[in-house]
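Okay, work_2.pdb is below, PDB, C-alpha atoms:
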```pdb
ATOM      1  CA  MET Y   1       0.000   0.000   0.000
ATOM      2  CA  ALA Y   2       1.394   3.400  -0.977
ATOM      3  CA  MET Y   3       2.004   6.009   1.684
ATOM      4  CA  LYS Y   4      -0.263   9.041   1.502
ATOM      5  CA  ASP Y   5       1.211  12.508   1.564
ATOM      6  CA  TYR Y   6      -0.862  14.881   3.693
ATOM      7  CA  SER Y   7      -0.482  18.644   3.510
ATOM      8  CA  ASP Y   8       0.935  20.515   6.498
ATOM      9  CA  GLU Y   9      -2.379  22.338   6.784
ATOM     10  CA  PHE Y  10      -4.303  19.050   7.027
ATOM     11  CA  LYS Y  11      -1.887  17.786   9.672
ATOM     12  CA  ALA Y  12      -2.272  21.003  11.683
ATOM     13  CA  ASP Y  13      -6.067  20.800  11.424
ATOM     14  CA  ALA Y  14      -6.041  17.160  12.527
ATOM     15  CA  VAL Y  15      -3.857  17.991  15.539
ATOM     16  CA  ALA Y  16      -6.091  20.960  16.408
ATOM     17  CA  LEU Y  17      -9.151  18.730  16.244
ATOM     18  CA  TYR Y  18      -7.548  16.153  18.537
ATOM     19  CA  GLU Y  19      -6.349  18.793  21.001
ATOM     20  CA  SER Y  20      -9.707  20.590  21.120
ATOM     21  CA  THR Y  21     -11.738  17.445  21.730
ATOM     22  CA  PRO Y  22     -12.099  16.566  25.415
ATOM     23  CA  GLY Y  23     -11.733  12.851  26.005
ATOM     24  CA  ALA Y  24     -10.645  12.242  22.415
ATOM     25  CA  THR Y  25      -8.746   9.133  21.444
ATOM     26  CA  TYR Y  26      -6.321   8.815  18.580
ATOM     27  CA  LYS Y  27      -8.454   5.987  17.242
ATOM     28  CA  SER Y  28     -11.713   7.972  17.148
ATOM     29  CA  ILE Y  29     -10.241  11.116  15.594
ATOM     30  CA  ALA Y  30      -8.168   9.130  13.094
ATOM     31  CA  ALA Y  31     -11.250   7.172  12.036
ATOM     32  CA  ASP Y  32     -13.203  10.417  11.565
ATOM     33  CA  LEU Y  33     -10.453  11.849   9.360
ATOM     34  CA  GLY Y  34      -9.622   8.642   7.509
ATOM     35  CA  VAL Y  35      -5.992   8.455   8.629
ATOM     36  CA  ASN Y  36      -4.018   5.823  10.485
ATOM     37  CA  ARG Y  37      -4.116   6.048  14.294
ATOM     38  CA  ALA Y  38      -0.330   5.867  14.577
ATOM     39  CA  THR Y  39       0.054   8.619  11.975
ATOM     40  CA  LEU Y  40      -2.222  10.969  13.924
ATOM     41  CA  ARG Y  41      -0.397  10.112  17.146
ATOM     42  CA  GLU Y  42       2.928  10.976  15.514
ATOM     43  CA  TRP Y  43       1.576  14.326  14.284
ATOM     44  CA  VAL Y  44       0.265  15.188  17.765
ATOM     45  CA  LEU Y  45       3.522  14.196  19.482
ATOM     46  CA  ARG Y  46       5.600  16.181  16.976
ATOM     47  CA  ASP Y  47       3.383  19.228  17.453
ATOM     48  CA  ARG Y  48       3.620  18.983  21.244
ATOM     49  CA  GLU Y  49       7.385  18.590  21.019
ATOM     50  CA  ARG Y  50       7.587  21.620  18.729
ATOM     51  CA  ARG Y  51       5.523  23.673  21.198
ATOM     52  CA  GLY Y  52       7.341  22.262  24.237
ATOM     53  CA  VAL Y  53       4.129  20.895  25.765
ATOM     54  CA  ALA Y  54       4.078  17.736  27.890
ATOM     55  CA  ALA Y  55       1.713  14.944  26.924
ATOM     56  CA  ALA Y  56      -1.754  15.516  28.383
ATOM     57  CA  GLY Y  57      -3.725  12.751  30.039
ATOM     58  CA  PRO Y  58      -7.321  11.969  29.162
ATOM     59  CA  SER Y  59      -9.949  14.345  30.471
ATOM     60  CA  ALA Y  60     -12.346  13.067  33.120
ATOM     61  CA  GLY Y  61     -15.060  15.641  32.428
ATOM     62  CA  GLY Y  62     -17.437  13.240  30.740
ATOM     63  CA  THR Y  63     -17.053  10.232  33.004
ATOM     64  CA  PRO Y  64     -19.979   8.902  35.041
ATOM     65  CA  ALA Y  65     -18.071   9.643  38.266
ATOM     66  CA  ALA Y  66     -17.728  13.293  37.268
ATOM     67  CA  ARG Y  67     -21.433  13.452  36.440
ATOM     68  CA  ALA Y  68     -22.254  11.985  39.849
ATOM     69  CA  GLU Y  69     -20.087  14.664  41.457
ATOM     70  CA  TYR Y  70     -22.072  17.339  39.581
ATOM     71  CA  ALA Y  71     -25.359  15.901  40.856
ATOM     72  CA  ALA Y  72     -24.086  15.774  44.439
ATOM     73  CA  SER Y  73     -22.750  19.322  44.361
ATOM     74  CA  SER Y  74     -25.944  20.823  42.961
ATOM     75  CA  ALA Y  75     -27.495  21.031  46.452
ATOM     76  CA  ASP Y  76     -25.537  24.151  47.439
ATOM     77  CA  PRO Y  77     -25.347  27.345  45.323
ATOM     78  CA  ASP Y  78     -21.549  27.273  44.991
ATOM     79  CA  GLY Y  79     -21.693  23.675  43.823
ATOM     80  CA  ARG Y  80     -24.367  24.595  41.292
ATOM     81  CA  ILE Y  81     -22.192  27.429  39.961
ATOM     82  CA  ARG Y  82     -19.220  25.086  39.613
ATOM     83  CA  GLN Y  83     -21.455  22.579  37.859
ATOM     84  CA  LEU Y  84     -22.702  25.188  35.403
ATOM     85  CA  GLU Y  85     -19.201  26.526  34.756
ATOM     86  CA  ALA Y  86     -18.003  23.005  33.998
ATOM     87  CA  ARG Y  87     -20.932  22.490  31.636
ATOM     88  CA  VAL Y  88     -20.175  25.787  29.854
ATOM     89  CA  ALA Y  89     -16.541  24.734  29.430
ATOM     90  CA  GLU Y  90     -17.671  21.367  28.063
ATOM     91  CA  LEU Y  91     -20.027  23.017  25.573
ATOM     92  CA  GLU Y  92     -17.367  25.511  24.476
ATOM     93  CA  ALA Y  93     -14.944  22.652  23.827
ATOM     94  CA  SER Y  94     -17.627  20.862  21.826
ATOM     95  CA  GLU Y  95     -18.251  24.018  19.820
ATOM     96  CA  ARG Y  96     -14.523  24.331  19.041
ATOM     97  CA  LYS Y  97     -14.445  20.700  17.924
ATOM     98  CA  LEU Y  98     -17.444  21.147  15.640
ATOM     99  CA  ALA Y  99     -16.019  24.353  14.158
ATOM    100  CA  THR Y 100     -12.709  22.608  13.461
ATOM    101  CA  GLU Y 101     -14.494  19.650  11.852
ATOM    102  CA  ARG Y 102     -16.576  22.014   9.737
ATOM    103  CA  ASP Y 103     -13.479  23.871   8.555
ATOM    104  CA  ILE Y 104     -11.739  20.613   7.657
ATOM    105  CA  LEU Y 105     -14.783  19.465   5.680
ATOM    106  CA  ARG Y 106     -15.000  22.793   3.841
ATOM    107  CA  LYS Y 107     -11.350  22.589   2.851
ATOM    108  CA  ALA Y 108     -11.778  18.988   1.718
ATOM    109  CA  ALA Y 109     -14.841  19.912  -0.341
ATOM    110  CA  LYS Y 110     -12.897  22.733  -2.032
ATOM    111  CA  TYR Y 111      -9.990  20.397  -2.724
ATOM    112  CA  PHE Y 112     -12.117  17.635  -4.207
ATOM    113  CA  ALA Y 113     -14.286  20.067  -6.188
ATOM    114  CA  GLY Y 114     -11.152  21.436  -7.840
ATOM    115  CA  GLU Y 115      -9.842  17.940  -8.526
ATOM    116  CA  THR Y 116     -12.746  16.823 -10.745
ATOM    117  CA  ASN Y 117     -12.055  17.050 -14.465
ATOM    118  CA  TRP Y 118     -15.190  15.745 -16.073
TER     119      TRP Y 118
END
```

As structure tokens, how would this structure be written, given the file I've shared?
Amino acid sequence: MAMKDYSDEFKADAVALYESTPGATYKSIAADLGVNRATLREWVLRDRERRGVAAAGPSAGGTPAARAEYAASSADPDGRIRQLEARVAELEASERKLATERDILRKAAKYFAGETNW
């Protein structure tokens, strides 16, 4: 199988999508983009090395334990505020992910529309 050559812009977009998705896995993002999991992992690690950022662990924001904590803390006003702030952060991250995906799809559509020679 021949190796595919991806543009630097595509690589940067893929890394941005992975980084902006809370709880993302290399496997899920790679499957969405149609690239190999190991390839995406390499791009992310190279980008982090270039920026001097340590590897980040998985986010626990969407786990059932975290959701149970939100339910327990909703009894007091401060807990409710923390719960709502966490939800806002989660929604903002989701919005960033969707915007990045949309931009990638727009660029791909432009690329493939220009490639057709019927």

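Separating CA of Trp43 (chain Y) from CA of Val15 (chain Y) is a distance of 6.7 Å.
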
Exercise. In Å, with one decimal, what is the gap from CA of Arg37 (chain Y) to CA of Ala12 (chain Y)?
Worked result: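 CA of Ala12 (chain Y) lies 15.3 Å from CA of Arg37 (chain Y).
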
Problem set entry | Atom pair CA of Arg48 (chain Y) / CA of Ala99 (chain Y): separation (Å) |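 These two atoms are separated by 21.6 Å.
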
Produce the centre coordinates and the three edge lengths, each in Å to one decimal, of the box along x, y and z that contains all listed atoms of region 17-32 of chain Y with 8 Å added on each side, as lines of an AutoDock Vina configuration file.
```
center_x = -9.8
center_y = 13.3
center_z = 18.8
size_x = 22.9
size_y = 30.6
size_z = 30.4
```

For this session: Name every residue that the PyMOL selection byres ((chain Y and resi 14) around 10) selects in this structure, writing the answer as a PyMOL selection string with chains first and numbers rising.
Result: chain Y and resi 8-13+15-20+29-30+32-33+35+40+43-44+100-101+104
